[in-house]
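Data block for start-v5.cif (mmCIF, C-alpha atoms):
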data_protein
loop_
_atom_site.label_atom_id
_atom_site.label_comp_id
_atom_site.auth_asym_id
_atom_site.auth_seq_id
_atom_site.Cartn_x
_atom_site.Cartn_y
_atom_site.Cartn_z
CA MET A 148 -45.86 18.46 -87.83
CA LYS A 149 -49.06 16.83 -86.55
CA GLY A 150 -51.88 19.03 -85.35
CA LYS A 151 -51.63 17.84 -81.72
CA THR A 152 -47.86 18.32 -81.69
CA PHE A 153 -48.25 21.89 -82.92
CA ILE A 154 -50.94 22.61 -80.31
CA VAL A 155 -48.71 21.31 -77.51
CA ALA A 156 -45.67 23.22 -78.81
CA ARG A 157 -47.64 26.46 -79.14
CA ARG A 158 -49.18 26.08 -75.70
CA GLU A 159 -45.81 25.37 -74.01
CA PHE A 160 -44.08 28.22 -75.81
CA THR A 161 -46.74 30.87 -75.15
CA SER A 162 -47.36 29.85 -71.53
CA THR A 163 -43.62 30.09 -70.87
CA VAL A 164 -42.65 33.32 -72.65
CA PHE A 165 -45.65 35.26 -71.34
CA ARG A 166 -44.94 34.49 -67.70
CA TRP A 167 -43.70 37.49 -65.74
CA GLY A 168 -40.92 35.40 -64.26
CA TRP A 169 -39.61 34.52 -67.73
CA ILE A 170 -39.89 38.11 -68.99
CA ILE A 171 -38.18 39.58 -65.93
CA GLY A 172 -35.46 36.94 -66.02
CA THR A 173 -34.87 37.37 -69.74
CA PHE A 174 -34.68 41.15 -69.92
CA GLY A 175 -33.79 41.82 -66.30
CA MET A 176 -30.62 39.74 -66.34
CA PRO A 177 -28.87 41.77 -69.10
CA VAL A 178 -29.93 44.99 -67.36
CA PHE A 179 -28.54 43.76 -64.04
CA VAL A 180 -25.29 42.65 -65.67
CA GLY A 181 -25.06 45.98 -67.52
CA LEU A 182 -25.59 47.95 -64.31
CA TYR A 183 -23.03 45.80 -62.52
CA ALA A 184 -20.49 46.25 -65.33
CA GLY A 185 -21.22 49.98 -65.39
CA LEU A 186 -20.55 50.19 -61.64
CA ILE A 187 -17.25 48.36 -62.05
CA PHE A 188 -16.31 50.64 -64.96
CA LEU A 189 -17.23 53.72 -62.90
CA ILE A 190 -15.06 52.53 -60.03
CA GLY A 191 -12.22 51.77 -62.44
CA SER A 192 -12.57 55.16 -64.12
CA THR A 193 -12.52 56.91 -60.74
CA ALA A 194 -9.44 54.97 -59.71
CA ALA A 195 -7.85 55.82 -63.05
CA LYS A 196 -7.91 59.51 -62.10
CA TYR A 197 -5.32 58.70 -59.46
CA GLU A 198 -3.36 56.21 -61.55
CA LYS A 199 -3.70 57.65 -65.03
CA PRO A 200 -1.11 56.06 -67.34
CA THR A 201 1.59 58.51 -68.41
CA GLY A 202 3.29 56.45 -71.08
CA LYS A 203 6.62 57.57 -69.58
CA ALA A 204 9.25 55.93 -67.40
CA GLY A 205 12.37 57.33 -65.78
CA VAL A 206 15.86 55.81 -66.15
CA VAL A 207 18.74 56.42 -63.75
CA ASP A 208 21.89 55.03 -65.41
CA HIS A 209 24.91 54.46 -63.14
CA SER A 210 26.54 52.12 -65.65
CA GLY A 211 26.91 54.71 -68.39
CA ILE A 212 25.70 52.39 -71.14
CA VAL A 213 22.01 53.32 -71.53
CA ARG A 214 21.30 55.54 -74.50
CA VAL A 215 17.87 57.12 -74.19
CA GLU A 216 16.85 57.88 -77.75
CA ALA A 217 13.98 59.96 -79.06
CA GLY A 218 10.72 58.17 -79.60
CA ARG A 219 8.94 55.35 -77.82
CA GLU A 220 9.80 51.70 -77.37
CA PRO A 221 6.80 49.45 -78.13
CA ALA A 222 5.79 46.79 -75.63
CA ALA A 223 5.28 44.29 -78.47
CA ASN A 224 5.30 44.16 -82.22
CA ILE A 225 1.67 43.41 -83.00
CA PRO A 226 0.77 42.00 -86.46
CA ASP A 227 -1.20 44.39 -88.63
CA GLU A 228 -4.24 42.06 -88.65
CA ALA A 229 -4.36 42.04 -84.85
CA ARG A 230 -3.47 45.71 -84.37
CA GLY A 231 -6.88 46.87 -85.59
CA ALA A 232 -8.66 44.55 -83.14
CA VAL A 233 -6.45 45.68 -80.25
CA ASP A 234 -6.98 49.31 -81.17
CA ALA A 235 -10.75 48.77 -81.32
CA ALA A 236 -10.66 47.04 -77.92
CA SER A 237 -8.77 49.99 -76.49
CA LYS A 238 -11.42 52.41 -77.80
CA MET A 239 -14.21 50.19 -76.42
CA ALA A 240 -12.53 50.42 -73.00
CA GLY A 241 -13.02 54.18 -73.17
CA GLY A 242 -9.35 54.88 -72.67
CA ALA A 243 -9.84 54.75 -68.89
CA GLY A 244 -8.52 52.40 -66.28
CA PRO A 245 -5.23 50.53 -65.88
CA ALA A 246 -6.16 47.79 -68.37
CA ALA A 247 -6.91 50.37 -71.07
CA GLY A 248 -3.53 51.95 -70.29
CA ILE A 249 -1.81 48.63 -70.90
CA ILE A 250 -3.51 48.29 -74.29
CA ALA A 251 -2.56 51.85 -75.20
CA GLY A 252 1.00 51.10 -74.12
CA MET A 253 1.15 48.09 -76.41
CA LEU A 254 0.25 50.30 -79.34
CA ALA A 255 2.09 53.52 -78.50
CA GLY A 256 5.02 52.20 -76.45
CA THR A 257 6.92 53.77 -73.53
CA GLU A 258 8.93 56.99 -73.60
CA PHE A 259 12.03 56.84 -71.37
CA ILE A 260 13.35 59.96 -69.64
CA ARG A 261 16.86 60.20 -68.18
CA PHE A 262 17.39 61.34 -64.60
CA GLU A 263 20.75 61.99 -62.95
CA ASP A 264 19.89 60.48 -59.58
CA GLU A 265 17.23 58.49 -57.77
CA GLU A 266 15.97 61.44 -55.76
CA SER A 267 14.89 63.50 -58.75
CA ALA A 268 13.43 60.44 -60.49
CA LEU A 269 11.42 59.39 -57.45
CA ALA A 270 10.21 62.96 -56.99
CA ALA A 271 8.88 62.93 -60.57
CA LEU A 272 7.26 59.57 -59.86
CA THR A 273 5.58 61.02 -56.77
CA ARG A 274 4.27 63.94 -58.83
CA LYS A 275 2.91 61.36 -61.32
CA GLU A 276 4.92 62.88 -64.16
CA ILE A 277 6.18 59.37 -64.96
CA GLY A 278 4.74 55.94 -64.28
CA ALA A 279 7.87 54.05 -63.15
CA VAL A 280 11.58 54.43 -62.41
CA PHE A 281 14.32 51.99 -63.44
CA VAL A 282 17.79 52.23 -61.86
CA VAL A 283 20.67 50.59 -63.78
CA PRO A 284 23.60 49.97 -61.35
CA LYS A 285 27.32 50.24 -62.13
CA ASP A 286 27.78 46.46 -62.24
CA TYR A 287 24.94 45.95 -64.70
CA LEU A 288 27.18 44.28 -67.28
CA GLU A 289 28.31 41.69 -64.73
CA THR A 290 24.96 41.05 -63.00
CA GLY A 291 22.24 42.20 -65.40
CA LYS A 292 20.21 43.42 -62.43
CA VAL A 293 17.95 46.49 -62.62
CA THR A 294 15.95 48.03 -59.76
CA SER A 295 12.36 49.05 -60.52
CA TYR A 296 10.30 51.59 -58.58
CA ASP A 297 6.58 51.18 -59.20
CA ALA A 298 4.01 53.51 -57.65
CA SER A 299 1.18 50.98 -58.05
CA LYS A 300 0.74 47.46 -56.70
CA SER A 301 -1.72 46.54 -59.45
CA ILE A 302 -0.91 43.76 -61.89
CA PHE A 303 -1.79 46.31 -64.59
CA SER A 304 0.71 48.87 -63.30
CA GLU A 305 2.65 50.98 -65.75
CA GLY A 306 5.90 49.78 -64.22
CA LYS A 307 5.14 46.19 -65.21
CA ALA A 308 3.99 47.27 -68.67
CA SER A 309 7.29 49.14 -69.22
CA ARG A 310 9.56 46.16 -68.60
CA GLN A 311 9.49 44.81 -72.14
CA PRO A 312 10.18 48.26 -73.66
CA LEU A 313 13.09 48.59 -71.17
CA ARG A 314 14.57 45.34 -72.47
CA ARG A 315 14.39 46.70 -76.01
CA LEU A 316 16.10 49.92 -74.88
CA LEU A 317 18.91 48.00 -73.17
CA VAL A 318 19.49 45.79 -76.23
CA LYS A 319 19.77 48.87 -78.43
CA SER A 320 22.12 50.53 -75.94
CA LEU A 321 24.39 47.47 -75.67
CA THR A 322 24.68 47.11 -79.44
CA HIS A 323 25.07 50.82 -80.23
CA ASP A 324 27.98 51.51 -82.62
CA ARG A 325 28.69 47.77 -82.67
CA ILE A 326 25.84 46.43 -84.78
CA GLU A 327 23.92 48.15 -87.55
CA PRO A 328 20.51 49.52 -86.42
CA GLU A 329 18.72 47.40 -89.01
CA ILE A 330 20.28 44.26 -87.56
CA VAL A 331 19.33 45.33 -84.03
CA GLU A 332 15.69 45.75 -85.08
CA ARG A 333 15.77 42.33 -86.68
CA ILE A 334 17.25 40.85 -83.47
CA LEU A 335 14.42 42.40 -81.46
CA ASP A 336 11.82 41.19 -83.97
CA PRO A 337 13.41 38.24 -85.75
CA THR A 338 10.34 36.75 -87.46
CA ASP A 339 7.19 37.84 -89.26
CA ILE A 340 5.86 34.50 -90.43
CA ASP A 341 3.35 34.09 -93.25
CA THR A 342 1.54 30.80 -92.70
CA MET A 343 0.74 28.82 -95.86
CA ALA A 344 -1.77 25.99 -95.86
CA ARG A 345 -3.35 23.77 -98.48
CA ASP A 346 -6.90 24.47 -99.54
CA ARG A 347 -9.32 21.85 -100.88
CA ASP A 348 -7.86 22.22 -104.37
CA GLY A 349 -4.40 21.36 -103.10
CA LYS A 350 -3.05 24.88 -103.63
CA TRP A 351 -0.92 26.62 -101.02
CA VAL A 352 -2.67 29.76 -99.77
CA LYS A 353 -1.85 32.27 -97.04
CA ARG A 354 -3.76 31.77 -93.79
CA GLY A 355 -3.81 34.68 -91.34
CA ILE A 356 -5.65 35.55 -88.14
CA ALA A 357 -8.79 36.65 -89.99
CA ASP A 358 -8.94 33.34 -91.82
CA VAL A 359 -8.58 31.39 -88.58
CA VAL A 360 -11.42 33.41 -87.02
CA ARG A 361 -13.61 32.82 -90.06
CA ARG A 362 -12.93 29.08 -90.15
CA LEU A 363 -12.89 28.14 -86.47
CA GLY A 364 -14.66 31.04 -84.75
CA VAL A 365 -18.14 30.19 -86.05
CA PRO A 366 -17.94 26.39 -85.47
CA LEU A 367 -16.53 26.77 -81.97
CA GLY A 368 -19.14 29.45 -81.27
CA PHE A 369 -21.93 27.09 -82.34
CA ALA A 370 -20.39 24.28 -80.25
CA MET A 371 -20.30 26.44 -77.12
CA LEU A 372 -23.83 27.70 -77.82
CA LEU A 373 -25.05 24.11 -78.16
CA MET A 374 -23.63 23.10 -74.79
CA ILE A 375 -25.05 26.19 -73.10
CA SER A 376 -28.46 25.70 -74.69
CA ILE A 377 -28.61 22.04 -73.67
CA PHE A 378 -28.03 22.82 -70.02
CA THR A 379 -30.29 25.89 -70.13
CA ALA A 380 -33.21 24.99 -72.38
CA ALA A 381 -33.29 21.33 -71.35
CA GLY A 382 -33.53 22.43 -67.73
CA THR A 383 -36.60 24.45 -68.66
CA MET A 384 -38.16 21.39 -70.31
CA ILE A 385 -37.54 19.14 -67.33
CA GLN A 386 -38.99 21.73 -64.97
CA GLY A 387 -42.17 21.95 -67.04
CA VAL A 388 -42.56 18.16 -67.17
CA SER A 389 -41.89 17.74 -63.44
CA GLU A 390 -44.59 20.27 -62.51
CA GLU A 391 -47.21 18.46 -64.58
CA LYS A 392 -46.19 15.07 -63.23
CA GLU A 393 -46.23 16.15 -59.59
CA ASN A 394 -49.61 17.90 -60.03
CA ARG A 395 -50.96 14.87 -61.94
CA VAL A 396 -52.09 17.10 -64.78
CA ILE A 397 -50.17 14.84 -67.14
CA GLU A 398 -52.77 12.06 -66.72
CA VAL A 399 -55.46 14.28 -68.22
CA ILE A 400 -53.18 15.39 -71.04
CA LEU A 401 -52.20 11.83 -72.00
CA SER A 402 -55.88 10.88 -72.28
CA SER A 403 -56.20 13.10 -75.35
CA VAL A 404 -52.64 13.35 -76.74
CA ASP A 405 -50.35 10.45 -77.59
CA ALA A 406 -46.99 10.34 -75.82
CA ARG A 407 -44.93 10.95 -78.96
CA SER A 408 -46.84 14.10 -79.94
CA LEU A 409 -46.70 15.32 -76.35
CA LEU A 410 -42.95 14.72 -76.05
CA PHE A 411 -42.15 16.30 -79.40
CA GLY A 412 -44.48 19.23 -78.76
CA LYS A 413 -42.94 19.92 -75.35
CA LEU A 414 -39.48 19.58 -76.83
CA LEU A 415 -40.24 22.15 -79.52
CA GLY A 416 -42.24 24.56 -77.35
CA LEU A 417 -40.14 24.63 -74.18
CA GLY A 418 -36.95 24.29 -76.18
CA ALA A 419 -37.89 27.25 -78.34
CA ALA A 420 -38.62 29.32 -75.23
CA GLY A 421 -35.26 28.42 -73.73
CA LEU A 422 -33.42 29.13 -76.97
CA LEU A 423 -35.26 32.44 -77.36
CA GLN A 424 -34.12 33.47 -73.89
CA LEU A 425 -30.57 32.39 -74.63
CA GLY A 426 -30.64 34.18 -77.99
CA ILE A 427 -31.77 37.43 -76.37
CA TRP A 428 -28.97 37.22 -73.81
CA LEU A 429 -26.35 36.44 -76.44
CA SER A 430 -27.54 39.14 -78.82
CA MET A 431 -27.22 41.74 -76.08
CA ALA A 432 -23.84 40.48 -74.92
CA LEU A 433 -22.29 39.85 -78.32
CA VAL A 434 -23.08 43.16 -80.03
CA PRO A 435 -19.67 44.66 -79.15
CA ILE A 436 -17.91 41.50 -80.32
CA VAL A 437 -19.86 41.47 -83.59
CA LEU A 438 -18.91 45.09 -84.20
CA LEU A 439 -15.30 44.24 -83.42
CA VAL A 440 -15.10 41.46 -86.00
CA ALA A 441 -17.50 43.00 -88.50
CA GLY A 442 -14.74 43.13 -91.07
CA VAL A 443 -14.20 39.37 -90.95
CA ALA A 444 -15.98 37.68 -93.84
CA LEU A 445 -17.86 34.60 -92.64
CA SER A 446 -18.53 31.56 -94.80
CA PRO A 447 -22.30 31.14 -95.39
CA LEU A 448 -21.87 27.40 -95.99
CA THR A 449 -20.09 26.97 -92.66
CA VAL A 450 -22.90 28.80 -90.87
CA ILE A 451 -25.60 26.71 -92.58
CA LEU A 452 -23.89 23.38 -91.82
CA CYS A 453 -23.22 24.32 -88.20
CA LEU A 454 -26.84 25.43 -87.83
CA ALA A 455 -28.05 22.08 -89.22
CA PHE A 456 -25.92 20.12 -86.74
CA PHE A 457 -27.03 22.46 -83.97
CA VAL A 458 -30.76 21.88 -84.58
CA LEU A 459 -30.41 18.10 -84.91
CA ALA A 460 -28.22 17.90 -81.83
CA PHE A 461 -30.68 19.93 -79.80
CA LEU A 462 -33.54 17.64 -80.85
CA LEU A 463 -31.50 14.54 -79.98
CA TYR A 464 -30.30 15.75 -76.59
CA GLY A 465 -33.62 17.39 -75.77
CA THR A 466 -35.44 14.10 -76.40
CA LEU A 467 -32.96 12.06 -74.35
CA ILE A 468 -32.86 14.54 -71.47
CA THR A 469 -36.64 14.93 -71.26
CA ALA A 470 -37.37 11.20 -71.53
CA THR A 471 -34.67 10.24 -69.04
CA GLY A 472 -35.67 13.02 -66.69
CA SER A 473 -39.27 11.82 -66.66
CA ILE A 474 -38.10 8.65 -64.89
CA GLY A 475 -37.36 10.64 -61.74
CA THR A 476 -39.92 10.91 -58.98
CA ASN A 477 -39.38 14.62 -58.32
CA ALA A 478 -37.84 17.68 -59.95
CA LYS A 479 -34.44 17.14 -58.34
CA ASP A 480 -34.17 13.55 -59.58
CA MET A 481 -35.33 14.60 -63.04
CA GLN A 482 -32.60 17.22 -63.28
CA GLN A 483 -29.90 14.75 -62.21
CA TYR A 484 -31.05 11.98 -64.56
CA GLY A 485 -31.55 14.22 -67.55
CA MET A 486 -28.29 16.18 -67.37
CA PHE A 487 -26.30 12.94 -67.57
CA TRP A 488 -26.52 13.17 -71.35
CA GLY A 489 -24.72 16.50 -71.36
CA ILE A 490 -21.47 14.58 -70.94
CA GLY A 491 -21.77 13.31 -74.49
CA CYS A 492 -22.01 16.82 -75.88
CA ALA A 493 -18.97 18.04 -73.94
CA ALA A 494 -16.83 14.96 -74.67
CA PRO A 495 -15.43 16.19 -78.02
CA MET A 496 -14.03 19.29 -76.31
CA ILE A 497 -11.68 16.98 -74.41
CA PHE A 498 -10.23 15.87 -77.75
CA ILE A 499 -10.22 19.34 -79.32
CA GLU A 500 -6.45 19.36 -79.79
CA VAL A 501 -6.50 15.94 -81.46
CA ILE A 502 -9.39 16.92 -83.74
CA LEU A 503 -7.89 20.23 -84.83
CA ARG A 504 -4.43 18.76 -85.31
CA ASP A 505 -5.68 15.86 -87.46
CA PRO A 506 -9.28 16.54 -88.61
CA ASN A 507 -9.36 13.40 -90.75
CA GLY A 508 -7.65 11.15 -88.23
CA THR A 509 -9.09 8.01 -86.69
CA ALA A 510 -10.23 9.68 -83.47
CA ALA A 511 -11.97 12.54 -85.29
CA ARG A 512 -13.80 10.16 -87.64
CA ILE A 513 -14.95 7.80 -84.88
CA LEU A 514 -16.38 10.72 -82.91
CA SER A 515 -18.07 11.96 -86.11
CA TYR A 516 -20.01 8.71 -86.55
CA ILE A 517 -21.32 8.53 -82.96
CA PRO A 518 -24.57 10.57 -82.79
CA LEU A 519 -23.90 11.93 -79.30
CA THR A 520 -20.46 13.30 -80.18
CA ALA A 521 -20.97 13.94 -83.91
CA PRO A 522 -22.42 17.49 -83.73
CA VAL A 523 -19.57 19.20 -81.89
CA THR A 524 -16.92 17.08 -83.63
CA MET A 525 -18.25 17.85 -87.11
CA MET A 526 -18.53 21.56 -86.31
CA MET A 527 -14.83 21.64 -85.49
CA ARG A 528 -13.91 19.54 -88.53
CA ILE A 529 -15.97 21.77 -90.81
CA GLY A 530 -14.11 24.76 -89.39
CA THR A 531 -10.77 23.31 -90.45
CA GLY A 532 -12.02 23.06 -94.03
CA GLU A 533 -10.66 19.52 -94.38
CA ALA A 534 -13.75 17.41 -93.70
CA PRO A 535 -14.82 15.52 -96.88
CA ALA A 536 -18.28 16.36 -98.17
CA TRP A 537 -19.42 12.74 -98.04
CA GLU A 538 -18.54 12.51 -94.34
CA ILE A 539 -20.53 15.66 -93.59
CA VAL A 540 -23.56 14.21 -95.40
CA LEU A 541 -23.12 10.83 -93.68
CA ALA A 542 -22.92 12.47 -90.25
CA LEU A 543 -26.11 14.44 -90.97
CA VAL A 544 -27.92 11.29 -92.11
CA LEU A 545 -26.80 9.29 -89.05
CA LEU A 546 -27.78 12.14 -86.74
CA THR A 547 -31.21 12.47 -88.37
CA ALA A 548 -31.79 8.72 -88.05
CA ALA A 549 -30.69 8.83 -84.41
CA VAL A 550 -33.22 11.60 -83.72
CA ALA A 551 -36.05 9.56 -85.31
CA VAL A 552 -35.15 6.33 -83.47
CA THR A 553 -34.60 8.12 -80.16
CA LEU A 554 -37.91 9.92 -80.42
CA ARG A 555 -39.74 6.65 -81.05
CA PHE A 556 -38.33 4.76 -78.06
CA ALA A 557 -38.15 7.80 -75.80
CA ALA A 558 -41.87 8.39 -76.29
CA ARG A 559 -42.56 4.91 -74.89
CA VAL A 560 -40.42 5.54 -71.81
CA PHE A 561 -41.89 9.02 -71.47
CA ARG A 562 -45.51 7.81 -71.45
CA THR A 563 -44.99 5.04 -68.89
CA ALA A 564 -42.67 7.03 -66.61
CA LEU A 565 -45.05 9.97 -66.37
CA LEU A 566 -47.80 7.70 -65.04
CA MET A 567 -45.60 6.20 -62.32
CA TYR A 568 -45.36 7.86 -58.90
CA GLY A 569 -43.17 7.18 -55.88
CA LYS A 570 -41.12 4.37 -57.46
CA ARG A 571 -37.80 4.48 -59.28
CA PRO A 572 -37.85 1.93 -62.10
CA SER A 573 -34.96 -0.48 -62.58
CA LEU A 574 -32.96 -0.67 -65.78
CA PRO A 575 -34.63 -3.92 -66.95
CA GLU A 576 -38.03 -2.27 -66.46
CA ILE A 577 -37.02 0.69 -68.63
CA PHE A 578 -35.95 -1.66 -71.43
CA ARG A 579 -39.23 -3.51 -71.11
CA TRP A 580 -41.09 -0.19 -71.53
CA MET A 581 -39.15 0.46 -74.71
CA ARG A 582 -40.16 -2.90 -76.16
CA GLN A 583 -43.76 -3.16 -75.03
CA ALA A 584 -45.21 0.31 -74.37
#
Spit out the file's structure as structure tokens when you get a sec.
Amino acid sequence: MKGKTFIVARREFTSTVFRWGWIIGTFGMPVFVGLYAGLIFLIGSTAAKYEKPTGKAGVVDHSGIVRVEAGREPAANIPDEARGAVDAASKMAGGAGPAAGIIAGMLAGTEFIRFEDEESALAALTRKEIGAVFVVPKDYLETGKVTSYDASKSIFSEGKASRQPLRRLLVKSLTHDRIEPEIVERILDPTDIDTMARDRDGKWVKRGIADVVRRLGVPLGFAMLLMISIFTAAGTMIQGVSEEKENRVIEVILSSVDARSLLFGKLLGLGAAGLLQLGIWLSMALVPIVLLVAGVALSPLTVILCLAFFVLAFLLYGTLITATGSIGTNAKDMQQYGMFWGIGCAAPMIFIEVILRDPNGTAARILSYIPLTAPVTMMMRIGTGEAPAWEIVLALVLLTAAVAVTLRFAARVFRTALLMYGKRPSLPEIFRWMRQA
């Protein structure tokens, strides 16, 4: 890095991060969100005192076929890999609130209690001894209809959560003494599929939920972070440039610093400030998620490759957005011109199904060779584990070359545009700047 570039980058970074507005916005936003979430949780916890899940439901059987057995009927058969995550999410919810009750119901199930008539069942429901009442009529076998009494109108009500366990209970009752219990359980849960996939050596290996998270979670996380950072950090860069242009301070700066060093220095300094702010927000928000998936082993190579594409993509888009934004005559125009390039970063997400279904297909490869779409596309392809090493290297080389070429021509546009006031240049004029400036 040249001396002038480093001076500009250091000046932009320090002048940004030591402003009270930046400090308050950076650390005040998570505090505000935390207080807001705490208020919502407090309200939910208070409401939960009046709608505390019981884990029980009443059954009034006029058909004479329902057999209420000991034990609970689960809402769903959750795979062992996912059960730990669901259990951890339930504990994180504090065990309070209707949503936490639904999660607990998925794990523990619903206990059904028999009542002789509706009056006694509804009285128990009123006393909150049970969470719902189901009435099975005499003509159930002909109609299949069941009447549900639910004390809550919430979408997270215990009555709605008990419907799937009720179906399991009815299936067991209808097949009692007709089909072996083992067969009934298999009917209720017919499949427990082990997914096998080929690795790079051509061997068939088991691929579970943890493996999917390890392979695709990190690349997709980097892709989303890249898009967020482009719209956040690039906005900070354009704002800084627009202030200097409108105040005409840029004329003094360009008299002692060449346009390329100034552009690159601003890109690094303001971009680093924006990324630092984004990193602080994400670190505060993602701590619970990190703790939740702490047991998932991440691939260091995947992280390194995604980080490389992330940095190069940020330099490419930051250069394009800043240079294009400088063409505008005011801050509003600069924002509109610069953010046009964000479409290129988001484009691969439109083809996410195509890329993940066929990572080495024609569409995925074409998007991998275009610098604007290559970063996000290659992150997803790397996550699948099927991208050839030579294509990864080629994409990195093409992206690096695109950054160098873009920086060269963008600096020319940047220098001329910053010295123009009150006039929007035409497209031919911009191309002339790129050739002659």
Any chance you could resolve the PyMOL selection byres ((chain A and resi 319) around 12) against this file and give the residues as an MDAnalysis selection string? chainID A and resid 212:216 220 312:318 320:335
Written as a PyMOL selection string, which residues does the PyMOL selection byres ((chain A and resi 268) around 10) give for the file shown? chain A and resi 204-207+260-267+269-274+276-277+279-282+296
Expected file: the selected residues, C-alpha atoms, as an mmCIF file, in the coordinates of the input:
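See out-v8.cif below for the written result:
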data_model
loop_
_atom_site.group_PDB
_atom_site.id
_atom_site.type_symbol
_atom_site.label_atom_id
_atom_site.label_comp_id
_atom_site.auth_asym_id
_atom_site.auth_seq_id
_atom_site.Cartn_x
_atom_site.Cartn_y
_atom_site.Cartn_z
ATOM 1 C CA ALA A 204 9.250 55.930 -67.400
ATOM 2 C CA GLY A 205 12.370 57.330 -65.780
ATOM 3 C CA VAL A 206 15.860 55.810 -66.150
ATOM 4 C CA VAL A 207 18.740 56.420 -63.750
ATOM 5 C CA ILE A 260 13.350 59.960 -69.640
ATOM 6 C CA ARG A 261 16.860 60.200 -68.180
ATOM 7 C CA PHE A 262 17.390 61.340 -64.600
ATOM 8 C CA GLU A 263 20.750 61.990 -62.950
ATOM 9 C CA ASP A 264 19.890 60.480 -59.580
ATOM 10 C CA GLU A 265 17.230 58.490 -57.770
ATOM 11 C CA GLU A 266 15.970 61.440 -55.760
ATOM 12 C CA SER A 267 14.890 63.500 -58.750
ATOM 13 C CA LEU A 269 11.420 59.390 -57.450
ATOM 14 C CA ALA A 270 10.210 62.960 -56.990
ATOM 15 C CA ALA A 271 8.880 62.930 -60.570
ATOM 16 C CA LEU A 272 7.260 59.570 -59.860
ATOM 17 C CA THR A 273 5.580 61.020 -56.770
ATOM 18 C CA ARG A 274 4.270 63.940 -58.830
ATOM 19 C CA GLU A 276 4.920 62.880 -64.160
ATOM 20 C CA ILE A 277 6.180 59.370 -64.960
ATOM 21 C CA ALA A 279 7.870 54.050 -63.150
ATOM 22 C CA VAL A 280 11.580 54.430 -62.410
ATOM 23 C CA PHE A 281 14.320 51.990 -63.440
ATOM 24 C CA VAL A 282 17.790 52.230 -61.860
ATOM 25 C CA TYR A 296 10.300 51.590 -58.580
#
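Selection result for the displayed file, with the PyMOL selection byres ((chain A and resi 539) around 10) as criterion, is Leu452, Phe456, Ser515, Tyr516, Ala521, Met525, Met526, Arg528, Ile529, Ala534, Pro535, Ala536, Trp537, Glu538, Val540, Leu541, Ala542, Leu543 and Val544 of chain A.
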Students should find that atom CA of A:Ile385 and atom CA of A:Thr469 are spaced 5.8 Å
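Closest approach to A:Ser430 among A:Phe174, A:Ala551, A:Gly412, A:Leu467: A:Phe174, based on all atoms listed in the file.
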Quote the spacing between atom CA of A:Ile490 and atom CA of A:Ala420 in Å to one decimal place. 23.0 Å
Between atom CA of A:Ser376 and atom CA of A:Leu422, what distance in Å does the model show, to one decimal? 6.4 Å
